[in-house]
>>> print(open('target25.cif').read())   # mmCIF, C-alpha atoms
data_model
#
loop_
_atom_site.label_atom_id
_atom_site.label_comp_id
_atom_site.auth_asym_id
_atom_site.auth_seq_id
_atom_site.Cartn_x
_atom_site.Cartn_y
_atom_site.Cartn_z
CA MET F 1 99.78 86.37 7.74
CA LYS F 2 101.78 83.87 9.71
CA PHE F 3 102.25 86.44 12.50
CA LYS F 4 98.51 87.18 12.58
CA SER F 5 97.72 83.49 12.60
CA MET F 6 100.07 82.99 15.54
CA LEU F 7 98.39 85.85 17.44
CA THR F 8 94.99 84.37 16.69
CA TYR F 9 96.14 80.96 17.94
CA VAL F 10 97.65 82.44 21.11
CA GLY F 11 94.51 84.47 21.71
CA PHE F 12 92.32 81.40 21.25
CA LEU F 13 94.53 79.40 23.60
CA PHE F 14 94.31 82.13 26.26
CA VAL F 15 90.51 82.22 26.04
CA ALA F 16 90.32 78.42 26.21
CA VAL F 17 92.53 78.28 29.30
CA PHE F 18 90.58 81.13 30.92
CA VAL F 19 87.21 79.47 30.26
CA ALA F 20 88.49 76.10 31.45
CA GLY F 21 89.74 77.75 34.62
CA CYS F 22 86.35 79.38 35.22
CA VAL F 23 84.55 76.06 34.78
CA LYS F 24 86.89 74.36 37.21
CA THR F 25 86.42 77.14 39.77
CA ALA F 26 82.65 77.10 39.41
CA TYR F 27 82.44 73.42 40.35
CA SER F 28 84.93 73.53 43.19
CA PRO F 29 83.47 73.56 46.72
CA HIS F 30 86.28 75.93 47.82
CA VAL F 31 85.72 78.92 45.56
CA HIS F 32 86.15 81.48 48.34
CA LYS F 33 89.01 82.52 50.55
CA ALA F 34 88.75 80.62 53.81
CA LEU F 35 87.94 82.61 56.95
CA ARG F 36 88.78 81.02 60.30
CA VAL F 37 86.29 81.67 63.10
CA ASN F 38 87.33 81.54 66.74
CA GLU F 39 84.43 79.53 68.14
CA PRO F 40 82.82 76.29 66.86
CA MET F 41 79.79 77.03 64.68
CA PHE F 42 78.06 73.84 65.86
CA GLU F 43 78.80 70.81 68.01
CA ILE F 44 80.31 67.66 66.54
CA ARG F 45 79.87 64.24 68.10
CA ALA F 46 82.46 61.51 67.70
CA VAL F 47 81.88 57.84 68.52
CA LYS F 48 84.45 55.07 68.24
CA LEU F 49 82.85 51.82 67.11
CA SER F 50 83.94 48.26 67.91
CA ASP F 51 85.96 48.05 64.67
CA SER F 52 87.87 51.23 65.73
CA THR F 53 86.19 53.35 63.04
CA VAL F 54 85.37 56.85 64.29
CA ARG F 55 81.92 58.12 63.30
CA LEU F 56 81.33 61.87 63.35
CA SER F 57 77.98 63.61 63.22
CA PHE F 58 76.38 66.99 63.71
CA ILE F 59 72.99 68.64 63.54
CA THR F 60 72.59 72.38 63.01
CA ASP F 61 70.34 75.15 61.79
CA PRO F 62 70.78 75.46 57.99
CA MET F 63 70.77 79.27 58.09
CA LEU F 64 74.24 80.68 58.75
CA ARG F 65 75.05 84.36 59.26
CA THR F 66 76.57 84.79 55.81
CA ALA F 67 75.46 86.45 52.56
CA ASP F 68 74.22 83.04 51.36
CA PRO F 69 73.27 81.13 54.52
CA ASN F 70 72.67 77.71 52.95
CA ILE F 71 75.30 75.05 53.67
CA ARG F 72 76.51 73.45 50.42
CA TRP F 73 79.55 71.41 51.49
CA VAL F 74 81.20 70.26 54.71
CA GLU F 75 84.56 68.56 54.96
CA ALA F 76 87.32 68.40 57.56
CA ALA F 77 91.00 67.89 58.15
CA ILE F 78 91.32 65.49 61.07
CA GLY F 79 94.01 63.82 63.12
CA PRO F 80 94.84 62.52 66.61
CA ASP F 81 96.29 65.94 67.60
CA ALA F 82 96.63 69.49 66.27
CA SER F 83 100.00 68.79 64.65
CA SER F 84 98.75 65.76 62.69
CA LEU F 85 95.68 66.87 60.72
CA THR F 86 96.72 64.68 57.79
CA ASP F 87 93.41 62.96 56.91
CA THR F 88 90.50 64.55 55.06
CA ILE F 89 86.88 63.44 55.43
CA THR F 90 83.78 64.67 53.61
CA PHE F 91 80.43 64.78 55.41
CA ASN F 92 77.26 63.40 53.88
CA ILE F 93 74.71 66.19 54.17
CA GLY F 94 70.99 65.60 54.66
CA PHE F 95 67.97 67.55 55.84
CA ALA F 96 65.38 66.84 58.50
CA GLY F 97 62.23 68.59 57.39
CA ALA F 98 61.37 70.36 54.13
CA PRO F 99 61.83 74.13 53.70
CA GLY F 100 58.47 75.88 53.43
CA VAL F 101 56.62 72.77 54.61
CA ASP F 102 57.84 71.84 58.07
CA ALA F 103 58.03 74.24 61.00
CA THR F 104 61.66 73.29 61.68
CA VAL F 105 64.43 72.26 59.31
CA HIS F 106 67.87 70.99 60.30
CA VAL F 107 71.04 70.12 58.44
CA ILE F 108 72.45 66.72 59.40
CA GLY F 109 76.02 65.71 58.72
CA ASP F 110 77.62 62.28 58.96
CA ALA F 111 81.13 61.03 58.18
CA ALA F 112 83.42 58.12 58.96
CA TRP F 113 87.14 58.32 59.81
CA ASP F 114 88.63 54.88 59.28
CA THR F 115 92.33 55.32 58.55
CA ARG F 116 95.17 53.85 60.59
CA GLY F 117 95.37 57.15 62.48
CA ALA F 118 91.74 56.82 63.46
CA LYS F 119 92.17 53.26 64.72
CA LEU F 120 95.13 54.25 66.92
CA SER F 121 93.62 57.50 68.21
CA LYS F 122 92.09 58.05 71.65
CA SER F 123 90.73 61.51 70.77
CA ALA F 124 90.83 63.81 67.76
CA VAL F 125 91.29 67.37 66.59
CA ILE F 126 89.31 68.56 63.58
CA ASP F 127 89.35 71.62 61.34
CA MET F 128 85.82 71.87 59.92
CA SER F 129 85.30 73.58 56.56
CA VAL F 130 81.74 74.81 55.97
CA VAL F 131 81.08 76.13 52.46
CA THR F 132 78.13 78.14 51.18
CA ALA F 133 77.72 79.79 47.78
CA THR F 134 79.49 82.90 49.09
CA SER F 135 81.59 81.86 52.08
CA HIS F 136 84.13 79.30 53.29
CA LEU F 137 84.37 79.18 57.09
CA ILE F 138 86.76 77.05 59.14
CA PHE F 139 86.62 76.30 62.85
CA ARG F 140 88.61 73.96 65.06
CA HIS F 141 87.06 71.42 67.39
CA GLU F 142 88.73 69.12 69.92
CA LEU F 143 86.80 65.86 70.10
CA GLU F 144 86.48 63.34 72.92
CA TYR F 145 84.97 60.04 71.89
CA SER F 146 81.57 58.99 73.19
CA THR F 147 80.69 55.39 73.98
CA ALA F 148 78.90 53.61 71.15
CA VAL F 149 75.19 53.11 71.95
CA PRO F 150 72.38 51.44 69.98
CA MET F 151 70.96 54.86 69.05
CA GLU F 152 72.32 58.40 69.29
CA LEU F 153 70.15 61.38 70.21
CA GLU F 154 71.15 64.87 69.05
CA PRO F 155 69.01 67.33 71.06
CA PHE F 156 67.78 70.62 69.63
CA THR F 157 65.44 73.52 70.32
CA MET F 158 63.89 75.61 67.57
CA ALA F 159 61.73 78.71 68.06
CA ARG F 160 58.46 78.68 66.13
CA ALA F 161 57.43 82.09 67.48
CA ASP F 162 58.12 84.36 70.47
CA THR F 163 55.83 82.18 72.58
CA LEU F 164 56.39 78.69 71.17
CA ILE F 165 59.44 76.47 70.93
CA ASP F 166 60.02 72.97 69.58
CA ILE F 167 62.03 70.77 71.94
CA GLY F 168 63.26 67.60 70.36
CA ALA F 169 66.01 65.31 69.19
CA MET F 170 67.26 63.70 66.02
CA ALA F 171 67.64 59.96 66.59
CA ARG F 172 70.29 58.12 64.57
CA ARG F 173 70.25 54.33 64.68
CA ILE F 174 73.60 52.58 65.20
CA TYR F 175 72.31 49.05 65.80
CA VAL F 176 69.15 47.39 67.16
CA PRO F 177 69.70 45.59 70.48
CA PRO F 178 67.91 42.27 71.03
CA GLY F 179 64.45 42.54 72.58
CA GLU F 180 64.04 46.32 72.28
CA TYR F 181 60.49 47.71 72.14
CA LEU F 182 58.16 50.51 73.28
CA PRO F 183 55.69 49.31 75.97
CA SER F 184 53.03 51.98 75.31
CA SER F 185 51.82 54.51 72.74
CA GLU F 186 54.15 57.15 74.23
CA VAL F 187 57.10 57.39 71.86
CA PHE F 188 58.80 60.55 73.12
CA ARG F 189 58.81 62.61 76.33
CA ILE F 190 60.23 65.97 77.39
CA ILE F 191 60.80 67.20 80.95
CA VAL F 192 61.57 70.90 81.44
CA THR F 193 63.27 72.17 84.61
CA ASP F 194 64.20 75.69 85.72
CA GLU F 195 67.55 76.96 87.02
CA LYS F 196 66.81 75.50 90.47
CA GLY F 197 66.13 72.06 89.03
CA THR F 198 62.39 72.27 89.65
CA VAL F 199 60.22 70.50 87.08
CA VAL F 200 58.00 73.11 85.44
CA TYR F 201 56.63 70.99 82.60
CA ARG F 202 56.54 67.38 81.42
CA SER F 203 54.75 66.14 78.33
CA ASP F 204 53.38 62.98 79.99
CA ALA F 205 51.67 64.80 82.88
CA GLY F 206 47.98 63.99 83.11
CA ARG F 207 48.00 61.82 80.00
CA ALA F 208 46.97 58.20 79.59
CA PHE F 209 48.81 56.04 77.05
CA LEU F 210 47.65 52.86 75.38
CA SER F 211 49.32 49.60 76.41
CA VAL F 212 50.60 48.62 72.99
CA VAL F 213 53.93 47.15 71.97
CA SER F 214 55.76 48.79 69.05
CA THR F 215 59.25 49.20 67.65
CA VAL F 216 61.62 52.06 68.38
CA GLU F 217 62.23 54.09 65.26
CA PRO F 218 64.42 54.22 63.31
CA GLN F 219 65.18 50.53 62.86
CA THR F 220 67.71 50.71 60.01
CA PRO F 221 71.37 51.51 60.84
CA ASN F 222 72.36 55.10 59.93
CA GLN F 223 68.71 56.07 59.43
CA MET F 224 67.38 59.22 61.14
CA GLN F 225 64.12 59.91 62.95
CA ARG F 226 63.02 63.34 64.14
CA TYR F 227 61.20 63.62 67.48
CA SER F 228 59.83 66.89 68.87
CA ILE F 229 57.17 68.32 71.18
CA PRO F 230 56.13 72.01 71.21
CA TRP F 231 56.18 73.98 74.49
CA ASN F 232 54.47 77.33 75.00
CA GLY F 233 56.31 78.47 78.12
CA HIS F 234 53.56 77.51 80.58
CA ASP F 235 54.08 75.36 83.65
CA LEU F 236 52.01 72.38 84.79
CA ARG F 237 49.42 74.72 86.35
CA GLY F 238 49.03 76.71 83.17
CA ASN F 239 50.99 79.75 84.37
CA LYS F 240 53.65 81.51 82.32
CA VAL F 241 57.19 80.75 83.45
CA ASN F 242 59.65 83.53 84.25
CA ASP F 243 62.31 84.49 81.74
CA GLY F 244 65.56 82.62 82.20
CA THR F 245 67.62 79.53 81.47
CA PHE F 246 65.87 76.17 81.37
CA ARG F 247 66.99 72.59 80.80
CA ALA F 248 65.06 70.03 78.80
CA GLU F 249 65.52 66.30 79.24
CA MET F 250 64.35 64.21 76.30
CA LEU F 251 63.48 60.56 76.59
CA ILE F 252 62.45 57.72 74.30
CA PRO F 253 60.89 55.29 76.82
CA ALA F 254 62.26 52.10 75.28
CA VAL F 255 62.65 48.72 77.00
CA PRO F 256 65.05 47.30 78.18
CA LYS F 257 66.83 50.69 78.19
CA SER F 258 65.55 54.16 77.42
CA TYR F 259 67.37 56.78 75.34
CA ASN F 260 68.05 60.17 76.92
CA ALA F 261 69.48 63.57 75.98
CA LYS F 262 69.60 67.01 77.62
CA ILE F 263 69.88 70.57 76.39
CA GLU F 264 69.84 74.06 77.90
CA PHE F 265 67.85 76.86 76.31
CA GLN F 266 66.64 80.38 76.97
CA TRP F 267 63.04 81.43 77.50
CA PRO F 268 61.58 83.34 75.79
CA PRO F 269 63.13 82.13 72.52
CA ARG F 270 65.65 84.50 71.00
#
>>> encode(input="target25.cif", output="structure tokens")
Amino acid sequence: MKFKSMLTYVGFLFVAVFVAGCVKTAYSPHVHKALRVNEPMFEIRAVKLSDSTVRLSFITDPMLRTADPNIRWVEAAIGPDASSLTDTITFNIGFAGAPGVDATVHVIGDAAWDTRGAKLSKSAVIDMSVVTATSHLIFRHELEYSTAVPMELEPFTMARADTLIDIGAMARRIYVPPGEYLPSSEVFRIIVTDEKGTVVYRSDAGRAFLSVVSTVEPQTPNQMQRYSIPWNGHDLRGNKVNDGTFRAEMLIPAVPKSYNAKIEFQWPPR
């Protein structure tokens, strides 16, 4: 009886440890073997602020080419060079747009690196870990710091159909400069040029805007605002453009200084 009781106890202990291990694994963001990819999956922007904190951000399509495409977790090993990736940062993940409601949805990531290594660094190397329900992908990115500005623009293009594309930017507020305002009802502008640099389309062409003064959104630090304008691939005369590579310049016409961003894209959308 004692021997049977001991076996029962050992068996119970094994099951308890096994179940506990399963629970732990189920809640871990790294439940899959990591696979390193050769090229960055998306661009990361790094800005060094006046207090020497490094702020990192990205904007990407939420649908990855994996069995489960939805991004669940993003973190990174980071350091001043490839041999010193000793710090770990976790990105706050948000969404611009609602699935099934908005025509375009983006995943937005934001993190701060504020260790002693960050304060002494002049650039950074980062190993990004992107986790879905079925995959754990890692890619390396070498980062050069951008100059801190009152507001950052992350440009994007998103195909709505074979003949329509959204051209826009996610605006992230860093700080509000004194005296900033919009002098008219135009809050966002796009200018599309072809490979030769010729302007084929601009959203303000032939339009009249009201002379009203308003604020530049967003106003709250770290808040996001999505700007976009659809383009159907027609030039200013209404003719279809040829297939090829185009560049879009985006502009928020603020005073005393406007905000600008540029992006290249292919037409027709692929």
>>> atom_distance(input="target25.cif", atom1="atom CA of F:Ser50", atom2="atom CA of F:Thr147")
9.9 Å
>>> closest_residue(input="target25.cif", among="F:Glu154, F:Glu180, F:Asp51, F:Asp243", to="F:Val255", atoms="only C-alpha atoms")
F:Glu180
>>> resolve_selection(input="target25.cif", expression="the PyMOL selection byres ((chain F and resi 157) around 7)", output="list in words")
Phe156, Met158, Ala159, Ile165, Asp166, Ile167 and Gly168 of chain F
>>> residues_near_point(input="target25.cif", point="(63.7, 67.8, 74.8)", cutoff="10 Å", atoms="only C-alpha atoms", output="mmCIF file with C-alpha atoms, in the coordinates of the input")
data_model
loop_
_atom_site.group_PDB
_atom_site.id
_atom_site.type_symbol
_atom_site.label_atom_id
_atom_site.label_comp_id
_atom_site.auth_asym_id
_atom_site.auth_seq_id
_atom_site.Cartn_x
_atom_site.Cartn_y
_atom_site.Cartn_z
ATOM 1 C CA GLU F 154 71.150 64.870 69.050
ATOM 2 C CA PRO F 155 69.010 67.330 71.060
ATOM 3 C CA PHE F 156 67.780 70.620 69.630
ATOM 4 C CA THR F 157 65.440 73.520 70.320
ATOM 5 C CA ASP F 166 60.020 72.970 69.580
ATOM 6 C CA ILE F 167 62.030 70.770 71.940
ATOM 7 C CA GLY F 168 63.260 67.600 70.360
ATOM 8 C CA ALA F 169 66.010 65.310 69.190
ATOM 9 C CA PHE F 188 58.800 60.550 73.120
ATOM 10 C CA ARG F 189 58.810 62.610 76.330
ATOM 11 C CA ILE F 190 60.230 65.970 77.390
ATOM 12 C CA ILE F 191 60.800 67.200 80.950
ATOM 13 C CA VAL F 192 61.570 70.900 81.440
ATOM 14 C CA ARG F 202 56.540 67.380 81.420
ATOM 15 C CA SER F 203 54.750 66.140 78.330
ATOM 16 C CA TYR F 227 61.200 63.620 67.480
ATOM 17 C CA SER F 228 59.830 66.890 68.870
ATOM 18 C CA ILE F 229 57.170 68.320 71.180
ATOM 19 C CA PRO F 230 56.130 72.010 71.210
ATOM 20 C CA TRP F 231 56.180 73.980 74.490
ATOM 21 C CA ARG F 247 66.990 72.590 80.800
ATOM 22 C CA ALA F 248 65.060 70.030 78.800
ATOM 23 C CA GLU F 249 65.520 66.300 79.240
ATOM 24 C CA MET F 250 64.350 64.210 76.300
ATOM 25 C CA LEU F 251 63.480 60.560 76.590
ATOM 26 C CA ASN F 260 68.050 60.170 76.920
ATOM 27 C CA ALA F 261 69.480 63.570 75.980
ATOM 28 C CA LYS F 262 69.600 67.010 77.620
ATOM 29 C CA ILE F 263 69.880 70.570 76.390
ATOM 30 C CA GLU F 264 69.840 74.060 77.900
#
>>> atom_distance(input="target25.cif", atom1="atom CA of F:Ala208", atom2="atom CA of F:Pro253")
14.5 Å
>>> residues_around(input="target25.cif", residues="F:Leu164", least_positions_apart="3", cutoff="6 Å", atoms="all atoms listed in the file", output="PDB file with C-alpha atoms, keeping the file's coordinate frame")
ATOM      1  CA  ARG F 160      58.460  78.680  66.130  1.00  0.00           C
ATOM      2  CA  ALA F 161      57.430  82.090  67.480  1.00  0.00           C
ATOM      3  CA  TRP F 231      56.180  73.980  74.490  1.00  0.00           C
ATOM      4  CA  ASN F 232      54.470  77.330  75.000  1.00  0.00           C
TER       5      ASN F 232
END
>>> atom_distance(input="target25.cif", atom1="atom CA of F:Ala133", atom2="atom CA of F:Arg72")
7.0 Å
>>> closest_residue(input="target25.cif", among="F:Met128, F:Thr53, F:Leu120, F:Ile108", to="F:Asn38", atoms="only C-alpha atoms")
F:Met128
>>> resolve_selection(input="target25.cif", expression="the PyMOL selection byres ((chain F and resi 81-97) around 9)", output="VMD selection string")
chain F and resid 56 to 57 62 71 to 80 98 to 99 101 to 113 115 117 121 123 to 127 142 170 224 to 226
>>> closest_residue(input="target25.cif", among="F:Thr163, F:Gln223, F:Arg237, F:Ser185", to="F:Pro269", atoms="only C-alpha atoms")
F:Thr163
>>> closest_residue(input="target25.cif", among="F:Val187, F:Val54, F:Ile44, F:Ile252", to="F:Lys119", atoms="all atoms listed in the file")
F:Val54
>>> residues_near_point(input="target25.cif", point="(84.9, 75.6, 67.5)", cutoff="7 Å", atoms="only C-alpha atoms", output="list in words")
Asn38, Glu39, Pro40, Met41, Phe139, Arg140 and His141 of chain F
>>> resolve_selection(input="target25.cif", expression="the PyMOL selection byres ((chain F and resi 196) around 12)", output="JSON list (two decimals) with C-alpha atoms, in the frame of the given file")
[["chain", "number", "residue", "atom", "x", "y", "z"],
["F", 192, "VAL", "CA", 61.57, 70.90, 81.44],
["F", 193, "THR", "CA", 63.27, 72.17, 84.61],
["F", 194, "ASP", "CA", 64.20, 75.69, 85.72],
["F", 195, "GLU", "CA", 67.55, 76.96, 87.02],
["F", 197, "GLY", "CA", 66.13, 72.06, 89.03],
["F", 198, "THR", "CA", 62.39, 72.27, 89.65],
["F", 199, "VAL", "CA", 60.22, 70.50, 87.08],
["F", 200, "VAL", "CA", 58.00, 73.11, 85.44],
["F", 244, "GLY", "CA", 65.56, 82.62, 82.20],
["F", 245, "THR", "CA", 67.62, 79.53, 81.47],
["F", 246, "PHE", "CA", 65.87, 76.17, 81.37],
["F", 247, "ARG", "CA", 66.99, 72.59, 80.80]]
>>> closest_residue(input="target25.cif", among="F:Ser129, F:Asn242, F:Ser52, F:Gln219", to="F:Tyr175", atoms="all atoms listed in the file")
F:Gln219
>>> closest_residue(input="target25.cif", among="F:His234, F:Arg36, F:Lys240, F:Arg270", to="F:Val130", atoms="all atoms listed in the file")
F:Arg36
